[in-house]
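What follows is a short report on a single structure.
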Amino acid sequence: MVLPRFCAELIPALVFLLLLLYSPFTCLGIRSFPNNDVLTSSDLNALFGFSEAPDYRNGVDCPSVSPSPPDPVTSCDPSLVHVAMTLDSEYLRGSMAAVHSVLRHASCPEQVFFHFIAAEFDSVSPRVLSRLVHSIFPSLNFKVYIFREDTVINLISSSIRSALENPLNYARNYLGDILDPCVNRVIYLDSDLVLVDDILKLWEVKISEGRIIGAPEYCHANFTKYFNENFWSDPGLSRVFGSRRNPCYFNTGVMVMDLGKWREGHFREKIENWMEVQRKKRIYELGSLPPFLLVFGGNVEPIDHRWNQHGLGGDNVAGSCRALHPGPVSLLHWSGKGKPWARLDEKNPCPLDYLWEPYDLYKGKVKVQHPERQEQQQFGYFW
C-alpha cells in the first residue's frame, strides 16, 4: 500500500509526538546557536542585564580536548569534568555567578562541561536561556536539557517554604535519566553558591565501592528533626535507618554522584517511593532533601567540609546572617532563605555576601558601599 505523500511526511512527526508524550524522561538537548535569529548575543545581554565573562582558557599543562575548535566538544569526551546545575529565570543571576566562579578558579576551565537542567514551562524558555548562557560564556562547553515538570509534579508535597516546592529542586533525582548515558560521574551544584578553589580537586574525590554519592556530612546536626512524629512512631518506616551505622545529615546542594551505579541500582525509583510515602502519610516538612536522607543517610562518601560551607542564607524562615564554620573554605553556599544578590540589591547585605559579589555578572546591580574589610581576619579565609 502506498501512502499519500502528506501522510508519509506526517508519520515521523506523529511518532515523535507520541514518544514525547509517553516517555516520562524524554529531555531535549539544546546546543546550537543559529546566526539568523533576531536577537544577537549583545541584544540578549542588554535585555537581561548581564555582561560577558572573561574568556578562561586552559594552561599549557592541561590535557587536550577533542575535537579541536571550532567543532563543539561532546559530553562523551573522557577527559571532561561534568557539572550539573538547574537553570531558571528566578535563580539565573546566582547560576551565572556559580559558573563564573568555577571557571575562574579551574586549573583547566576548558575541561569543564556544564549540564544545565531547565524547566519546560519557565517564564523564559529553555532555548532563550541556552542562548543567554552562550552570550555570557561564548567558549563554555555546555548543554541545556528540558526537564518535563510533569515527571515529578504529582509527587511533590507542600513544604515549609514555597520555593522548595519548585519541580526543578527535584531534577537532581533524574540526572541518571536526563544526562547522556556516557556520563557516568557528575558533580551536582546548587545555584546559590560560589567556588573559591579548583573544581578538579572535588572531581577527583574517590567514591568507595558500595557507595553512590559523596558529600560533606554533618554528624553533629540533629538528624531526627528532619522527620516528624508520623515517621518516628511508625516502626515500619523508621527501621530504614536500623541497619545503617551512624546516619548523618548532608546537604544535597553539593554532591559527587556515580551515575553508573545510580542507574544500575535504580535509585531514582527508590527516591520516588519515599515521595509516594510522603504524599500518603506526611513524614517530613522539607522539600527534596529528606528522600535523599532516607535513601543514602549512613551510606555517603564523606567529603571534606571545605567543599560545602552551607547555611550562609540563614534558615528557611528568617534568612538571617551567619558566619562560616571553622576551617578552610573551598565552596561558599547560601542555602537557606537569604540570597546574596537579593540582600545586596536591598542594600542590606550580610558580611559574607561581599565574597559572592566579585563573581556577579549582572550589570543592573545596586552598588553597595563596602564596610571596612575586616571579615577576612575575623573568619580566617584560606584563599
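Within each chain, counting starts at residue 1; across the C-alpha cells, chains are named A, B, ... in the order shown, with ligands numbered 1 upward in that order.
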
Can you tell me, as a list in words, which residues in segment 133-243 of chain A count as strand (DSSP E) by DSSP?
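Taking segment 133-243 of chain A and keeping strand (DSSP E) only, one gets Asn141, Phe142, Lys143, Val144, Tyr145, Ile146, Phe147, Arg185, Val186, Ile187, Tyr188, Leu189, Leu193, Val194, Leu195, Ile213, Gly214, Ala215, Glu217 and Tyr218 of chain A.
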
Would you pick out the contacts of His115 of chain A at 9 Å or less, using only C-alpha atoms, so that residues sharing its chain but fewer than 4 positions from it are not included, and give the list as an mmCIF file with all heavy atoms, in the first residue's frame?
```cif
data_model
loop_
_atom_site.group_PDB
_atom_site.id
_atom_site.type_symbol
_atom_site.label_atom_id
_atom_site.label_comp_id
_atom_site.auth_asym_id
_atom_site.auth_seq_id
_atom_site.Cartn_x
_atom_site.Cartn_y
_atom_site.Cartn_z
ATOM 1 N N SER A 75 29.793 15.690 25.206
ATOM 2 C CA SER A 75 29.807 15.313 26.620
ATOM 3 C C SER A 75 30.443 13.956 26.862
ATOM 4 O O SER A 75 30.685 13.581 28.008
ATOM 5 C CB SER A 75 28.380 15.326 27.172
ATOM 6 O OG SER A 75 27.570 14.376 26.498
ATOM 7 N N HIS A 82 32.420 16.866 34.623
ATOM 8 C CA HIS A 82 30.995 17.128 34.388
ATOM 9 C C HIS A 82 30.357 17.796 35.609
ATOM 10 O O HIS A 82 30.490 17.309 36.731
ATOM 11 C CB HIS A 82 30.266 15.821 34.073
ATOM 12 C CG HIS A 82 30.702 15.178 32.802
ATOM 13 N ND1 HIS A 82 30.245 15.593 31.572
ATOM 14 C CD2 HIS A 82 31.579 14.168 32.556
ATOM 15 C CE1 HIS A 82 30.805 14.852 30.618
ATOM 16 N NE2 HIS A 82 31.621 13.990 31.197
ATOM 17 N N VAL A 83 29.656 18.889 35.343
ATOM 18 C CA VAL A 83 28.955 19.630 36.395
ATOM 19 C C VAL A 83 27.499 19.791 35.972
ATOM 20 O O VAL A 83 27.218 20.238 34.856
ATOM 21 C CB VAL A 83 29.585 21.018 36.619
ATOM 22 C CG1 VAL A 83 28.805 21.789 37.687
ATOM 23 C CG2 VAL A 83 31.049 20.893 37.015
ATOM 24 N N ALA A 84 26.573 19.428 36.839
ATOM 25 C CA ALA A 84 25.145 19.578 36.567
ATOM 26 C C ALA A 84 24.560 20.656 37.480
ATOM 27 O O ALA A 84 24.862 20.698 38.669
ATOM 28 C CB ALA A 84 24.401 18.263 36.783
ATOM 29 N N MET A 85 23.739 21.526 36.880
ATOM 30 C CA MET A 85 23.062 22.588 37.623
ATOM 31 C C MET A 85 21.686 22.797 37.016
ATOM 32 O O MET A 85 21.468 22.495 35.838
ATOM 33 C CB MET A 85 23.841 23.917 37.543
ATOM 34 C CG MET A 85 25.224 23.894 38.128
ATOM 35 S SD MET A 85 26.060 25.498 37.910
ATOM 36 C CE MET A 85 25.016 26.557 38.917
ATOM 37 N N THR A 86 20.766 23.325 37.806
ATOM 38 C CA THR A 86 19.496 23.741 37.239
ATOM 39 C C THR A 86 19.633 25.161 36.703
ATOM 40 O O THR A 86 20.539 25.912 37.094
ATOM 41 C CB THR A 86 18.370 23.693 38.286
ATOM 42 O OG1 THR A 86 18.707 24.530 39.395
ATOM 43 C CG2 THR A 86 18.156 22.267 38.762
ATOM 44 N N ASN A 141 31.694 25.024 27.390
ATOM 45 C CA ASN A 141 31.190 23.721 26.954
ATOM 46 C C ASN A 141 29.957 23.384 27.786
ATOM 47 O O ASN A 141 30.060 23.209 29.003
ATOM 48 C CB ASN A 141 32.254 22.641 27.149
ATOM 49 C CG ASN A 141 33.502 22.904 26.339
ATOM 50 O OD1 ASN A 141 33.430 23.273 25.168
ATOM 51 N ND2 ASN A 141 34.662 22.715 26.950
ATOM 52 N N PHE A 142 28.805 23.312 27.147
ATOM 53 C CA PHE A 142 27.597 23.057 27.915
ATOM 54 C C PHE A 142 26.491 22.509 27.033
ATOM 55 O O PHE A 142 26.541 22.548 25.800
ATOM 56 C CB PHE A 142 27.115 24.336 28.618
ATOM 57 C CG PHE A 142 26.426 25.337 27.719
ATOM 58 C CD1 PHE A 142 25.037 25.360 27.608
ATOM 59 C CD2 PHE A 142 27.157 26.254 26.985
ATOM 60 C CE1 PHE A 142 24.397 26.283 26.787
ATOM 61 C CE2 PHE A 142 26.532 27.185 26.165
ATOM 62 C CZ PHE A 142 25.147 27.195 26.066
ATOM 63 N N LYS A 143 25.467 22.022 27.718
ATOM 64 C CA LYS A 143 24.259 21.545 27.071
ATOM 65 C C LYS A 143 23.091 21.847 27.995
ATOM 66 O O LYS A 143 23.217 21.733 29.219
ATOM 67 C CB LYS A 143 24.355 20.032 26.808
ATOM 68 C CG LYS A 143 23.216 19.436 25.986
ATOM 69 C CD LYS A 143 23.514 17.966 25.687
ATOM 70 C CE LYS A 143 22.435 17.323 24.840
ATOM 71 N NZ LYS A 143 22.744 15.902 24.537
ATOM 72 N N VAL A 144 21.965 22.263 27.429
ATOM 73 C CA VAL A 144 20.758 22.531 28.201
ATOM 74 C C VAL A 144 19.748 21.428 27.921
ATOM 75 O O VAL A 144 19.465 21.117 26.763
ATOM 76 C CB VAL A 144 20.155 23.908 27.857
ATOM 77 C CG1 VAL A 144 18.825 24.117 28.579
ATOM 78 C CG2 VAL A 144 21.127 25.022 28.219
ATOM 79 N N TYR A 145 19.220 20.843 28.979
ATOM 80 C CA TYR A 145 18.217 19.789 28.869
ATOM 81 C C TYR A 145 16.877 20.343 29.356
ATOM 82 O O TYR A 145 16.818 21.012 30.389
ATOM 83 C CB TYR A 145 18.589 18.579 29.728
ATOM 84 C CG TYR A 145 19.954 17.998 29.455
ATOM 85 C CD1 TYR A 145 21.100 18.577 29.998
ATOM 86 C CD2 TYR A 145 20.104 16.854 28.682
ATOM 87 C CE1 TYR A 145 22.358 18.043 29.766
ATOM 88 C CE2 TYR A 145 21.350 16.299 28.450
ATOM 89 C CZ TYR A 145 22.478 16.905 28.985
ATOM 90 O OH TYR A 145 23.720 16.375 28.757
ATOM 91 N N LEU A 179 20.822 13.031 31.751
ATOM 92 C CA LEU A 179 22.121 13.229 31.116
ATOM 93 C C LEU A 179 22.428 12.105 30.135
ATOM 94 O O LEU A 179 21.873 11.016 30.213
ATOM 95 C CB LEU A 179 23.228 13.318 32.166
ATOM 96 C CG LEU A 179 23.099 14.406 33.244
ATOM 97 C CD1 LEU A 179 24.412 14.570 33.989
ATOM 98 C CD2 LEU A 179 22.643 15.733 32.649
#
```

By how many Å are atom CA of His105 of chain A and atom CA of Asp304 of chain A apart?
18.2 Å

Do a neighbour search on segment 220-235 of chain A at 7 Å with only C-alpha atoms, toss out local chain neighbours closer than 3 positions, and write the hits as a PDB file with C-alpha atoms, in the first residue's frame.
```pdb
ATOM      1  CA  SER A 238      11.886   4.289  60.999  1.00  0.00           C
ATOM      2  CA  ARG A 239      13.651   0.933  60.775  1.00  0.00           C
ATOM      3  CA  CYS A 248      24.298  11.830  59.294  1.00  0.00           C
ATOM      4  CA  TYR A 249      22.783  14.922  57.731  1.00  0.00           C
ATOM      5  CA  ILE A 283       6.588  12.109  57.273  1.00  0.00           C
ATOM      6  CA  TYR A 284       8.679  15.305  56.806  1.00  0.00           C
ATOM      7  CA  PRO A 290      14.520  14.107  53.183  1.00  0.00           C
TER       8      PRO A 290
END
```

Residue with smallest distance to Ile187 of chain A - pool A:Val329, A:Ser125, A:Asn273, A:Val81, counting only C-alpha atoms
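Going through A:Val329, A:Ser125, A:Asn273, A:Val81 one by one, the smallest distance to Ile187 of chain A is for A:Val81.
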
Residues near Leu195 of chain A, cut-off 9 Å, only C-alpha atoms, skip fewer than 3 positions along chain, as JSON, numbers by chain
{"A": [98, 99, 100, 101, 102, 104, 105, 198, 199, 307, 329, 330, 331, 332, 333]}

Using only C-alpha atoms, the residue out of A:Pro328, A:Gly336, A:Pro72, A:Gly319 with shortest distance to Gly253 of chain A is A:Gly336

So that I can check the surroundings of Leu92 of chain A, please list as a list in words every protein, DNA and RNA residue that reaches within 10 Å of it, counting only C-alpha atoms and ignoring chain neighbours fewer than 2 positions away.
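That gives Phe48, Thr86, Leu87, Asp88, Ser89, Glu90, Gly94, Ser95, Met96, Ala97, Ala98, Leu129, Val133, Ser191, Asp192 and Tyr362 of chain A.
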
Prev. selection, N, CA and C atoms, output as a JSON list (two decimals), in the first residue's frame:
```json
[["chain", "number", "residue", "atom", "x", "y", "z"],
["A", 48, "PHE", "N", 18.75, 41.13, 29.34],
["A", 48, "PHE", "CA", 18.75, 40.51, 30.66],
["A", 48, "PHE", "C", 19.68, 41.20, 31.64],
["A", 86, "THR", "N", 20.77, 23.33, 37.81],
["A", 86, "THR", "CA", 19.50, 23.74, 37.24],
["A", 86, "THR", "C", 19.63, 25.16, 36.70],
["A", 87, "LEU", "N", 18.73, 25.52, 35.79],
["A", 87, "LEU", "CA", 18.79, 26.83, 35.13],
["A", 87, "LEU", "C", 17.37, 27.35, 34.99],
["A", 88, "ASP", "N", 17.08, 28.46, 35.67],
["A", 88, "ASP", "CA", 15.76, 29.06, 35.55],
["A", 88, "ASP", "C", 15.86, 30.56, 35.70],
["A", 89, "SER", "N", 14.80, 31.26, 35.34],
["A", 89, "SER", "CA", 14.83, 32.72, 35.33],
["A", 89, "SER", "C", 14.97, 33.30, 36.74],
["A", 90, "GLU", "N", 14.41, 32.63, 37.75],
["A", 90, "GLU", "CA", 14.43, 33.18, 39.10],
["A", 90, "GLU", "C", 15.83, 33.17, 39.70],
["A", 94, "GLY", "N", 22.23, 33.89, 40.18],
["A", 94, "GLY", "CA", 23.05, 33.03, 41.01],
["A", 94, "GLY", "C", 23.77, 31.96, 40.20],
["A", 95, "SER", "N", 23.07, 31.37, 39.23],
["A", 95, "SER", "CA", 23.66, 30.32, 38.41],
["A", 95, "SER", "C", 24.86, 30.84, 37.62],
["A", 96, "MET", "N", 24.71, 32.05, 37.04],
["A", 96, "MET", "CA", 25.81, 32.60, 36.24],
["A", 96, "MET", "C", 27.01, 32.95, 37.12],
["A", 97, "ALA", "N", 26.76, 33.40, 38.34],
["A", 97, "ALA", "CA", 27.86, 33.66, 39.26],
["A", 97, "ALA", "C", 28.57, 32.36, 39.65],
["A", 98, "ALA", "N", 27.79, 31.29, 39.84],
["A", 98, "ALA", "CA", 28.38, 30.00, 40.18],
["A", 98, "ALA", "C", 29.27, 29.49, 39.05],
["A", 129, "LEU", "N", 17.23, 30.75, 27.37],
["A", 129, "LEU", "CA", 18.23, 30.61, 28.43],
["A", 129, "LEU", "C", 19.53, 30.04, 27.87],
["A", 133, "VAL", "N", 23.17, 31.93, 28.05],
["A", 133, "VAL", "CA", 24.39, 31.35, 28.61],
["A", 133, "VAL", "C", 25.54, 31.47, 27.62],
["A", 191, "SER", "N", 22.46, 26.56, 42.71],
["A", 191, "SER", "CA", 22.69, 27.83, 42.02],
["A", 191, "SER", "C", 23.09, 28.96, 42.96],
["A", 192, "ASP", "N", 23.04, 28.73, 44.27],
["A", 192, "ASP", "CA", 23.31, 29.80, 45.23],
["A", 192, "ASP", "C", 24.64, 29.60, 45.94],
["A", 362, "TYR", "N", 25.88, 40.41, 36.62],
["A", 362, "TYR", "CA", 24.69, 41.21, 36.34],
["A", 362, "TYR", "C", 25.04, 42.69, 36.42]]
```

Show me, as a count of residues only, the residues that have an atom within 12 Å of Trp262 of chain A when counting only C-alpha atoms, minus same-chain residues fewer than 5 positions from it.
24

So, counting only C-alpha atoms, which residue among A:Asn308, A:Asn348, A:Asn169, A:Thr252 is closest to Trp334 of chain A?
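Among the listed residues, A:Asn308 lies closest to Trp334 of chain A.
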
I'd like to know which of A:Ala106, A:Glu272, A:Leu193, A:Glu264 is closest to Glu357 of chain A, using only C-alpha atoms.
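Using only C-alpha atoms, Glu357 of chain A sits closest to A:Leu193.
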
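Nearest residue to Ala53 of chain A, choosing from A:Ile117, A:Ala342, A:Phe137, A:Ser123 and counting only C-alpha atoms: A:Phe137.
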
In terms of the shortest atom-to-atom distance over only C-alpha atoms, which of A:Leu155, A:Arg127, A:Val73, A:Ser335 is closest to Lys280 of chain A?
A:Leu155

Provide the atom CA of Pro109 of chain A to atom CA of Lys363 of chain A distance in Å, to one decimal place.
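Atom-to-atom, atom CA of Pro109 of chain A and atom CA of Lys363 of chain A are spaced 23.6 Å apart.
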